[in-house]
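Colleague: One file: target-v9.pdb (PDB, N, CA and C atoms, pLDDT in the B column).
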ATOM      1  N   MET U   1     -11.748  79.486 259.681  1.00 76.00           N
ATOM      2  CA  MET U   1     -10.876  80.510 259.153  1.00 76.00           C
ATOM      3  C   MET U   1     -10.581  80.308 257.674  1.00 76.00           C
ATOM      4  N   GLY U   2     -10.741  79.087 257.166  1.00 89.00           N
ATOM      5  CA  GLY U   2     -10.479  78.820 255.764  1.00 89.00           C
ATOM      6  C   GLY U   2     -11.442  79.559 254.851  1.00 89.00           C
ATOM      7  N   VAL U   3     -12.698  79.706 255.300  1.00 93.00           N
ATOM      8  CA  VAL U   3     -13.699  80.405 254.490  1.00 93.00           C
ATOM      9  C   VAL U   3     -13.357  81.892 254.399  1.00 93.00           C
ATOM     10  N   LEU U   4     -12.907  82.477 255.505  1.00 92.00           N
ATOM     11  CA  LEU U   4     -12.524  83.888 255.502  1.00 92.00           C
ATOM     12  C   LEU U   4     -11.357  84.127 254.561  1.00 92.00           C
ATOM     13  N   ARG U   5     -10.403  83.223 254.540  1.00 92.00           N
ATOM     14  CA  ARG U   5      -9.252  83.363 253.643  1.00 92.00           C
ATOM     15  C   ARG U   5      -9.690  83.285 252.177  1.00 92.00           C
ATOM     16  N   ILE U   6     -10.626  82.401 251.871  1.00 94.00           N
ATOM     17  CA  ILE U   6     -11.133  82.291 250.494  1.00 94.00           C
ATOM     18  C   ILE U   6     -11.852  83.565 250.086  1.00 94.00           C
ATOM     19  N   ILE U   7     -12.668  84.111 250.988  1.00 95.00           N
ATOM     20  CA  ILE U   7     -13.400  85.347 250.685  1.00 95.00           C
ATOM     21  C   ILE U   7     -12.431  86.502 250.458  1.00 95.00           C
ATOM     22  N   LEU U   8     -11.412  86.617 251.323  1.00 94.00           N
ATOM     23  CA  LEU U   8     -10.425  87.682 251.158  1.00 94.00           C
ATOM     24  C   LEU U   8      -9.614  87.513 249.874  1.00 94.00           C
ATOM     25  N   THR U   9      -9.338  86.274 249.503  1.00 95.00           N
ATOM     26  CA  THR U   9      -8.599  86.018 248.262  1.00 95.00           C
ATOM     27  C   THR U   9      -9.429  86.421 247.046  1.00 95.00           C
ATOM     28  N   VAL U  10     -10.720  86.143 247.076  1.00 96.00           N
ATOM     29  CA  VAL U  10     -11.605  86.534 245.962  1.00 96.00           C
ATOM     30  C   VAL U  10     -11.667  88.060 245.862  1.00 96.00           C
ATOM     31  N   ILE U  11     -11.790  88.734 247.004  1.00 96.00           N
ATOM     32  CA  ILE U  11     -11.803  90.198 247.000  1.00 96.00           C
ATOM     33  C   ILE U  11     -10.471  90.735 246.468  1.00 96.00           C
ATOM     34  N   TYR U  12      -9.383  90.103 246.860  1.00 96.00           N
ATOM     35  CA  TYR U  12      -8.042  90.489 246.406  1.00 96.00           C
ATOM     36  C   TYR U  12      -7.935  90.371 244.882  1.00 96.00           C
ATOM     37  N   ILE U  13      -8.429  89.303 244.330  1.00 97.00           N
ATOM     38  CA  ILE U  13      -8.382  89.102 242.872  1.00 97.00           C
ATOM     39  C   ILE U  13      -9.234  90.145 242.165  1.00 97.00           C
ATOM     40  N   LEU U  14     -10.407  90.456 242.716  1.00 97.00           N
ATOM     41  CA  LEU U  14     -11.269  91.472 242.110  1.00 97.00           C
ATOM     42  C   LEU U  14     -10.604  92.852 242.138  1.00 97.00           C
ATOM     43  N   ILE U  15      -9.931  93.157 243.242  1.00 97.00           N
ATOM     44  CA  ILE U  15      -9.206  94.432 243.322  1.00 97.00           C
ATOM     45  C   ILE U  15      -8.078  94.460 242.296  1.00 97.00           C
ATOM     46  N   CYS U  16      -7.376  93.340 242.129  1.00 96.00           N
ATOM     47  CA  CYS U  16      -6.292  93.264 241.136  1.00 96.00           C
ATOM     48  C   CYS U  16      -6.827  93.549 239.733  1.00 96.00           C
ATOM     49  N   LEU U  17      -7.924  92.935 239.385  1.00 97.00           N
ATOM     50  CA  LEU U  17      -8.509  93.141 238.053  1.00 97.00           C
ATOM     51  C   LEU U  17      -8.983  94.582 237.880  1.00 97.00           C
ATOM     52  N   ALA U  18      -9.606  95.133 238.918  1.00 96.00           N
ATOM     53  CA  ALA U  18     -10.073  96.521 238.840  1.00 96.00           C
ATOM     54  C   ALA U  18      -8.903  97.483 238.686  1.00 96.00           C
ATOM     55  N   LEU U  19      -7.801  97.214 239.377  1.00 95.00           N
ATOM     56  CA  LEU U  19      -6.614  98.070 239.247  1.00 95.00           C
ATOM     57  C   LEU U  19      -6.051  98.041 237.832  1.00 95.00           C
ATOM     58  N   VAL U  20      -6.004  96.875 237.246  1.00 95.00           N
ATOM     59  CA  VAL U  20      -5.493  96.759 235.875  1.00 95.00           C
ATOM     60  C   VAL U  20      -6.363  97.571 234.924  1.00 95.00           C
ATOM     61  N   VAL U  21      -7.673  97.435 235.047  1.00 94.00           N
ATOM     62  CA  VAL U  21      -8.591  98.158 234.161  1.00 94.00           C
ATOM     63  C   VAL U  21      -8.466  99.665 234.369  1.00 94.00           C
ATOM     64  N   LEU U  22      -8.430 100.108 235.627  1.00 93.00           N
ATOM     65  CA  LEU U  22      -8.356 101.540 235.899  1.00 93.00           C
ATOM     66  C   LEU U  22      -7.046 102.159 235.429  1.00 93.00           C
ATOM     67  N   VAL U  23      -5.958 101.455 235.599  1.00 91.00           N
ATOM     68  CA  VAL U  23      -4.672 101.991 235.141  1.00 91.00           C
ATOM     69  C   VAL U  23      -4.662 102.100 233.615  1.00 91.00           C
ATOM     70  N   LEU U  24      -5.244 101.136 232.941  1.00 91.00           N
ATOM     71  CA  LEU U  24      -5.291 101.196 231.478  1.00 91.00           C
ATOM     72  C   LEU U  24      -6.240 102.283 230.973  1.00 91.00           C
ATOM     73  N   MET U  25      -7.239 102.639 231.775  1.00 88.00           N
ATOM     74  CA  MET U  25      -8.189 103.677 231.365  1.00 88.00           C
ATOM     75  C   MET U  25      -7.599 105.082 231.503  1.00 88.00           C
ATOM     76  N   GLN U  26      -6.594 105.252 232.344  1.00 85.00           N
ATOM     77  CA  GLN U  26      -6.040 106.582 232.562  1.00 85.00           C
ATOM     78  C   GLN U  26      -5.179 107.001 231.392  1.00 85.00           C
ATOM     79  N   GLU U  27      -5.181 108.303 231.141  1.00 77.00           N
ATOM     80  CA  GLU U  27      -4.364 108.803 230.045  1.00 77.00           C
ATOM     81  C   GLU U  27      -2.917 108.915 230.488  1.00 77.00           C
ATOM     82  N   GLY U  28      -2.013 108.754 229.543  1.00 75.00           N
ATOM     83  CA  GLY U  28      -0.595 108.799 229.854  1.00 75.00           C
ATOM     84  C   GLY U  28      -0.146 110.199 230.209  1.00 75.00           C
ATOM     85  N   LYS U  29       0.857 110.274 231.048  1.00 67.00           N
ATOM     86  CA  LYS U  29       1.411 111.570 231.439  1.00 67.00           C
ATOM     87  C   LYS U  29       2.885 111.589 231.068  1.00 67.00           C
ATOM     88  N   ALA U  30       3.224 112.344 230.045  1.00 57.00           N
ATOM     89  CA  ALA U  30       4.617 112.455 229.634  1.00 57.00           C
ATOM     90  C   ALA U  30       5.367 113.296 230.660  1.00 57.00           C
ATOM     91  N   ALA U  31       6.569 112.904 230.952  1.00 55.00           N
ATOM     92  CA  ALA U  31       7.353 113.574 232.000  1.00 55.00           C
ATOM     93  C   ALA U  31       7.694 114.999 231.596  1.00 55.00           C
ATOM     94  N   GLY U  32       7.164 115.955 232.342  1.00 52.00           N
ATOM     95  CA  GLY U  32       7.527 117.348 232.155  1.00 52.00           C
ATOM     96  C   GLY U  32       6.824 118.076 231.026  1.00 52.00           C
ATOM     97  N   LEU U  33       6.063 117.407 230.192  1.00 52.00           N
ATOM     98  CA  LEU U  33       5.460 118.086 229.052  1.00 52.00           C
ATOM     99  C   LEU U  33       4.348 119.035 229.462  1.00 52.00           C
ATOM    100  N   GLY U  34       3.684 118.772 230.579  1.00 50.00           N
ATOM    101  CA  GLY U  34       2.623 119.662 231.028  1.00 50.00           C
ATOM    102  C   GLY U  34       3.147 121.038 231.383  1.00 50.00           C
ATOM    103  N   ALA U  35       4.281 121.081 232.053  1.00 50.00           N
ATOM    104  CA  ALA U  35       4.857 122.369 232.453  1.00 50.00           C
ATOM    105  C   ALA U  35       5.439 123.106 231.249  1.00 50.00           C
ATOM    106  N   ILE U  36       5.985 122.378 230.294  1.00 52.00           N
ATOM    107  CA  ILE U  36       6.600 123.013 229.126  1.00 52.00           C
ATOM    108  C   ILE U  36       5.538 123.604 228.208  1.00 52.00           C
ATOM    109  N   SER U  37       4.468 122.865 227.985  1.00 52.00           N
ATOM    110  CA  SER U  37       3.452 123.322 227.040  1.00 52.00           C
ATOM    111  C   SER U  37       2.446 124.268 227.665  1.00 52.00           C
ATOM    112  N   GLY U  38       2.498 124.461 228.976  1.00 51.00           N
ATOM    113  CA  GLY U  38       1.559 125.370 229.618  1.00 51.00           C
ATOM    114  C   GLY U  38       0.240 124.721 229.964  1.00 51.00           C
ATOM    115  N   ALA U  39       0.163 123.410 229.902  1.00 51.00           N
ATOM    116  CA  ALA U  39      -1.094 122.710 230.179  1.00 51.00           C
ATOM    117  C   ALA U  39      -1.498 122.815 231.643  1.00 51.00           C
ATOM    118  N   ALA U  40      -0.558 123.159 232.517  1.00 52.00           N
ATOM    119  CA  ALA U  40      -0.870 123.251 233.942  1.00 52.00           C
ATOM    120  C   ALA U  40      -1.783 124.441 234.228  1.00 52.00           C
ATOM    121  N   GLU U  41      -1.781 125.469 233.365  1.00 52.00           N
ATOM    122  CA  GLU U  41      -2.598 126.656 233.609  1.00 52.00           C
ATOM    123  C   GLU U  41      -3.966 126.589 232.942  1.00 52.00           C
ATOM    124  N   THR U  42      -4.303 125.513 232.311  1.00 56.00           N
ATOM    125  CA  THR U  42      -5.583 125.420 231.630  1.00 56.00           C
ATOM    126  C   THR U  42      -6.708 125.177 232.621  1.00 56.00           C
ATOM    127  N   TYR U  43      -7.919 125.357 232.161  1.00 56.00           N
ATOM    128  CA  TYR U  43      -9.098 125.127 232.994  1.00 56.00           C
ATOM    129  C   TYR U  43      -9.139 123.694 233.492  1.00 56.00           C
ATOM    130  N   TRP U  44      -8.828 122.746 232.627  1.00 54.00           N
ATOM    131  CA  TRP U  44      -8.885 121.333 233.017  1.00 54.00           C
ATOM    132  C   TRP U  44      -7.802 120.994 234.025  1.00 54.00           C
ATOM    133  N   GLY U  45      -6.675 121.670 233.967  1.00 57.00           N
ATOM    134  CA  GLY U  45      -5.614 121.442 234.934  1.00 57.00           C
ATOM    135  C   GLY U  45      -6.003 121.914 236.328  1.00 57.00           C
ATOM    136  N   LYS U  46      -6.746 123.021 236.392  1.00 57.00           N
ATOM    137  CA  LYS U  46      -7.168 123.560 237.679  1.00 57.00           C
ATOM    138  C   LYS U  46      -8.264 122.711 238.316  1.00 57.00           C
ATOM    139  N   ASN U  47      -9.128 122.137 237.506  1.00 60.00           N
ATOM    140  CA  ASN U  47     -10.263 121.365 238.012  1.00 60.00           C
ATOM    141  C   ASN U  47     -10.055 119.876 237.831  1.00 60.00           C
ATOM    142  N   LYS U  48      -8.821 119.433 237.953  1.00 59.00           N
ATOM    143  CA  LYS U  48      -8.477 118.029 237.723  1.00 59.00           C
ATOM    144  C   LYS U  48      -9.224 117.102 238.684  1.00 59.00           C
ATOM    145  N   GLY U  49      -9.428 117.509 239.926  1.00 59.00           N
ATOM    146  CA  GLY U  49     -10.077 116.662 240.917  1.00 59.00           C
ATOM    147  C   GLY U  49     -11.531 116.398 240.609  1.00 59.00           C
ATOM    148  N   ARG U  50     -12.164 117.287 239.859  1.00 69.00           N
ATOM    149  CA  ARG U  50     -13.582 117.111 239.547  1.00 69.00           C
ATOM    150  C   ARG U  50     -13.819 116.432 238.201  1.00 69.00           C
ATOM    151  N   SER U  51     -12.788 116.264 237.427  1.00 82.00           N
ATOM    152  CA  SER U  51     -12.939 115.650 236.118  1.00 82.00           C
ATOM    153  C   SER U  51     -12.960 114.127 236.242  1.00 82.00           C
ATOM    154  N   MET U  52     -13.255 113.473 235.152  1.00 83.00           N
ATOM    155  CA  MET U  52     -13.284 112.012 235.139  1.00 83.00           C
ATOM    156  C   MET U  52     -11.891 111.454 235.423  1.00 83.00           C
ATOM    157  N   GLU U  53     -10.866 112.100 234.902  1.00 83.00           N
ATOM    158  CA  GLU U  53      -9.493 111.661 235.153  1.00 83.00           C
ATOM    159  C   GLU U  53      -9.149 111.768 236.635  1.00 83.00           C
ATOM    160  N   GLY U  54      -9.607 112.839 237.275  1.00 85.00           N
ATOM    161  CA  GLY U  54      -9.375 112.998 238.706  1.00 85.00           C
ATOM    162  C   GLY U  54     -10.054 111.922 239.520  1.00 85.00           C
ATOM    163  N   LYS U  55     -11.262 111.551 239.120  1.00 89.00           N
ATOM    164  CA  LYS U  55     -11.984 110.480 239.821  1.00 89.00           C
ATOM    165  C   LYS U  55     -11.282 109.137 239.641  1.00 89.00           C
ATOM    166  N   LEU U  56     -10.777 108.892 238.436  1.00 89.00           N
ATOM    167  CA  LEU U  56     -10.053 107.644 238.191  1.00 89.00           C
ATOM    168  C   LEU U  56      -8.803 107.557 239.064  1.00 89.00           C
ATOM    169  N   VAL U  57      -8.114 108.680 239.229  1.00 89.00           N
ATOM    170  CA  VAL U  57      -6.910 108.697 240.059  1.00 89.00           C
ATOM    171  C   VAL U  57      -7.265 108.408 241.516  1.00 89.00           C
ATOM    172  N   LYS U  58      -8.344 109.004 242.008  1.00 92.00           N
ATOM    173  CA  LYS U  58      -8.753 108.784 243.400  1.00 92.00           C
ATOM    174  C   LYS U  58      -9.180 107.336 243.630  1.00 92.00           C
ATOM    175  N   ILE U  59      -9.925 106.771 242.700  1.00 93.00           N
ATOM    176  CA  ILE U  59     -10.363 105.378 242.835  1.00 93.00           C
ATOM    177  C   ILE U  59      -9.163 104.443 242.770  1.00 93.00           C
ATOM    178  N   THR U  60      -8.235 104.726 241.861  1.00 93.00           N
ATOM    179  CA  THR U  60      -7.030 103.907 241.741  1.00 93.00           C
ATOM    180  C   THR U  60      -6.215 103.944 243.028  1.00 93.00           C
ATOM    181  N   THR U  61      -6.100 105.128 243.628  1.00 94.00           N
ATOM    182  CA  THR U  61      -5.360 105.247 244.884  1.00 94.00           C
ATOM    183  C   THR U  61      -6.015 104.424 245.987  1.00 94.00           C
ATOM    184  N   GLY U  62      -7.323 104.514 246.098  1.00 95.00           N
ATOM    185  CA  GLY U  62      -8.044 103.738 247.113  1.00 95.00           C
ATOM    186  C   GLY U  62      -7.899 102.242 246.911  1.00 95.00           C
ATOM    187  N   LEU U  63      -8.007 101.799 245.669  1.00 95.00           N
ATOM    188  CA  LEU U  63      -7.850 100.370 245.384  1.00 95.00           C
ATOM    189  C   LEU U  63      -6.420  99.903 245.623  1.00 95.00           C
ATOM    190  N   ALA U  64      -5.442 100.758 245.344  1.00 96.00           N
ATOM    191  CA  ALA U  64      -4.046 100.387 245.588  1.00 96.00           C
ATOM    192  C   ALA U  64      -3.782 100.220 247.084  1.00 96.00           C
ATOM    193  N   ILE U  65      -4.372 101.086 247.892  1.00 96.00           N
ATOM    194  CA  ILE U  65      -4.229 100.950 249.343  1.00 96.00           C
ATOM    195  C   ILE U  65      -4.895  99.664 249.817  1.00 96.00           C
ATOM    196  N   GLY U  66      -6.101  99.383 249.305  1.00 96.00           N
ATOM    197  CA  GLY U  66      -6.780  98.135 249.652  1.00 96.00           C
ATOM    198  C   GLY U  66      -5.991  96.911 249.216  1.00 96.00           C
ATOM    199  N   PHE U  67      -5.379  96.996 248.049  1.00 96.00           N
ATOM    200  CA  PHE U  67      -4.553  95.916 247.537  1.00 96.00           C
ATOM    201  C   PHE U  67      -3.389  95.622 248.475  1.00 96.00           C
ATOM    202  N   MET U  68      -2.713  96.674 248.925  1.00 96.00           N
ATOM    203  CA  MET U  68      -1.555  96.488 249.808  1.00 96.00           C
ATOM    204  C   MET U  68      -1.976  95.949 251.179  1.00 96.00           C
ATOM    205  N   VAL U  69      -3.066  96.471 251.709  1.00 95.00           N
ATOM    206  CA  VAL U  69      -3.541  96.001 253.016  1.00 95.00           C
ATOM    207  C   VAL U  69      -3.941  94.530 252.938  1.00 95.00           C
ATOM    208  N   LEU U  70      -4.677  94.168 251.891  1.00 95.00           N
ATOM    209  CA  LEU U  70      -5.082  92.760 251.742  1.00 95.00           C
ATOM    210  C   LEU U  70      -3.884  91.849 251.514  1.00 95.00           C
ATOM    211  N   ALA U  71      -2.870  92.334 250.812  1.00 95.00           N
ATOM    212  CA  ALA U  71      -1.666  91.525 250.610  1.00 95.00           C
ATOM    213  C   ALA U  71      -0.997  91.207 251.945  1.00 95.00           C
ATOM    214  N   VAL U  72      -0.944  92.208 252.826  1.00 95.00           N
ATOM    215  CA  VAL U  72      -0.351  91.989 254.136  1.00 95.00           C
ATOM    216  C   VAL U  72      -1.211  91.039 254.972  1.00 95.00           C
ATOM    217  N   VAL U  73      -2.521  91.258 254.951  1.00 93.00           N
ATOM    218  CA  VAL U  73      -3.426  90.421 255.747  1.00 93.00           C
ATOM    219  C   VAL U  73      -3.403  88.983 255.268  1.00 93.00           C
ATOM    220  N   LEU U  74      -3.379  88.771 253.983  1.00 92.00           N
ATOM    221  CA  LEU U  74      -3.369  87.404 253.447  1.00 92.00           C
ATOM    222  C   LEU U  74      -2.056  86.673 253.736  1.00 92.00           C
ATOM    223  N   ASN U  75      -0.983  87.423 253.971  1.00 93.00           N
ATOM    224  CA  ASN U  75       0.298  86.791 254.272  1.00 93.00           C
ATOM    225  C   ASN U  75       0.520  86.525 255.757  1.00 93.00           C
ATOM    226  N   LEU U  76      -0.411  86.960 256.586  1.00 90.00           N
ATOM    227  CA  LEU U  76      -0.318  86.650 258.003  1.00 90.00           C
ATOM    228  C   LEU U  76      -0.597  85.163 258.198  1.00 90.00           C
ATOM    229  N   THR U  77       0.006  84.575 259.196  1.00 77.00           N
ATOM    230  CA  THR U  77      -0.151  83.132 259.418  1.00 77.00           C
ATOM    231  C   THR U  77      -1.282  82.810 260.396  1.00 77.00           C
ATOM    232  N   ILE U  78      -2.197  83.740 260.633  1.00 76.00           N
ATOM    233  CA  ILE U  78      -3.285  83.464 261.571  1.00 76.00           C
ATOM    234  C   ILE U  78      -4.444  82.721 260.915  1.00 76.00           C
ATOM    235  N   PHE U  79      -4.422  82.610 259.602  1.00 63.00           N
ATOM    236  CA  PHE U  79      -5.532  81.925 258.923  1.00 63.00           C
ATOM    237  C   PHE U  79      -5.267  80.447 258.856  1.00 63.00           C
TER     238      PHE U  79
END
Please render this file's structure as structure tokens.
Modeller:
Amino acid sequence: MGVLRIILTVIYILICLALVVLVLMQEGKAAGLGAISGAAETYWGKNKGRSMEGKLVKITTGLAIGFMVLAVVLNLTIF
């Protein structure tokens, strides 16, 4: 079981590093400025899921879920 814990810890560290990089790659979102400036009605606002920013958000969400699941698994005392 010690080998499995080491492998999961390495995967956990890689996910941590990937999350840091992905969060830094995303553009900042000022609170409420999109609705005030009308940016929500633009072409890019409508197709956010297909843009590079949309893909980064989806990947970040998946990695965050993996991060939380691995954190729970690594804290179990079965290893």
Colleague: Can you give me, as a PyMOL selection string, the residues this file yields under the PyMOL selection byres ((chain U and resi 60-65) around 8)?
Modeller: chain U and resi 15-16+18-19+22-23+54-59+66-71
Colleague: Would you mind telling me which residue in U:Ile78, U:Val73, U:Gln26, U:Val21 lies nearest to Thr9 in chain U when using only C-alpha atoms?
Modeller: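 For Thr9 in chain U, the nearest of the given residues is U:Val73.
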Colleague: In Å, with one decimal, what is the gap from atom N of Met1 in chain U to CA of Ile13 in chain U?
Modeller: 19.7 Å
Colleague: For a test of reading the model, state the distance in Å between CA of Ile7 in chain U and CA of Leu74 in chain U, rounded to one decimal.
Modeller: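 One can read the CA of Ile7 in chain U to CA of Leu74 in chain U distance as 10.6 Å.
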Colleague: For a test of reading the model, state the distance in Å between atom C of Leu76 in chain U and atom N of Leu17 in chain U, rounded to one decimal.
Modeller: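 Atom N of Leu17 in chain U lies 21.6 Å from atom C of Leu76 in chain U.
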Colleague: For range 60-78 of chain U, take all atoms listed in the file, fit an axis-aligned box around them, add 4 Å to each of the six sides, then output centre and edge lengths in Å rounded to one decimal, as JSON.
Modeller:
{"center_x": -3.9, "center_y": 94.0, "center_z": 251.7, "size_x": 16.8, "size_y": 30.5, "size_z": 27.8}
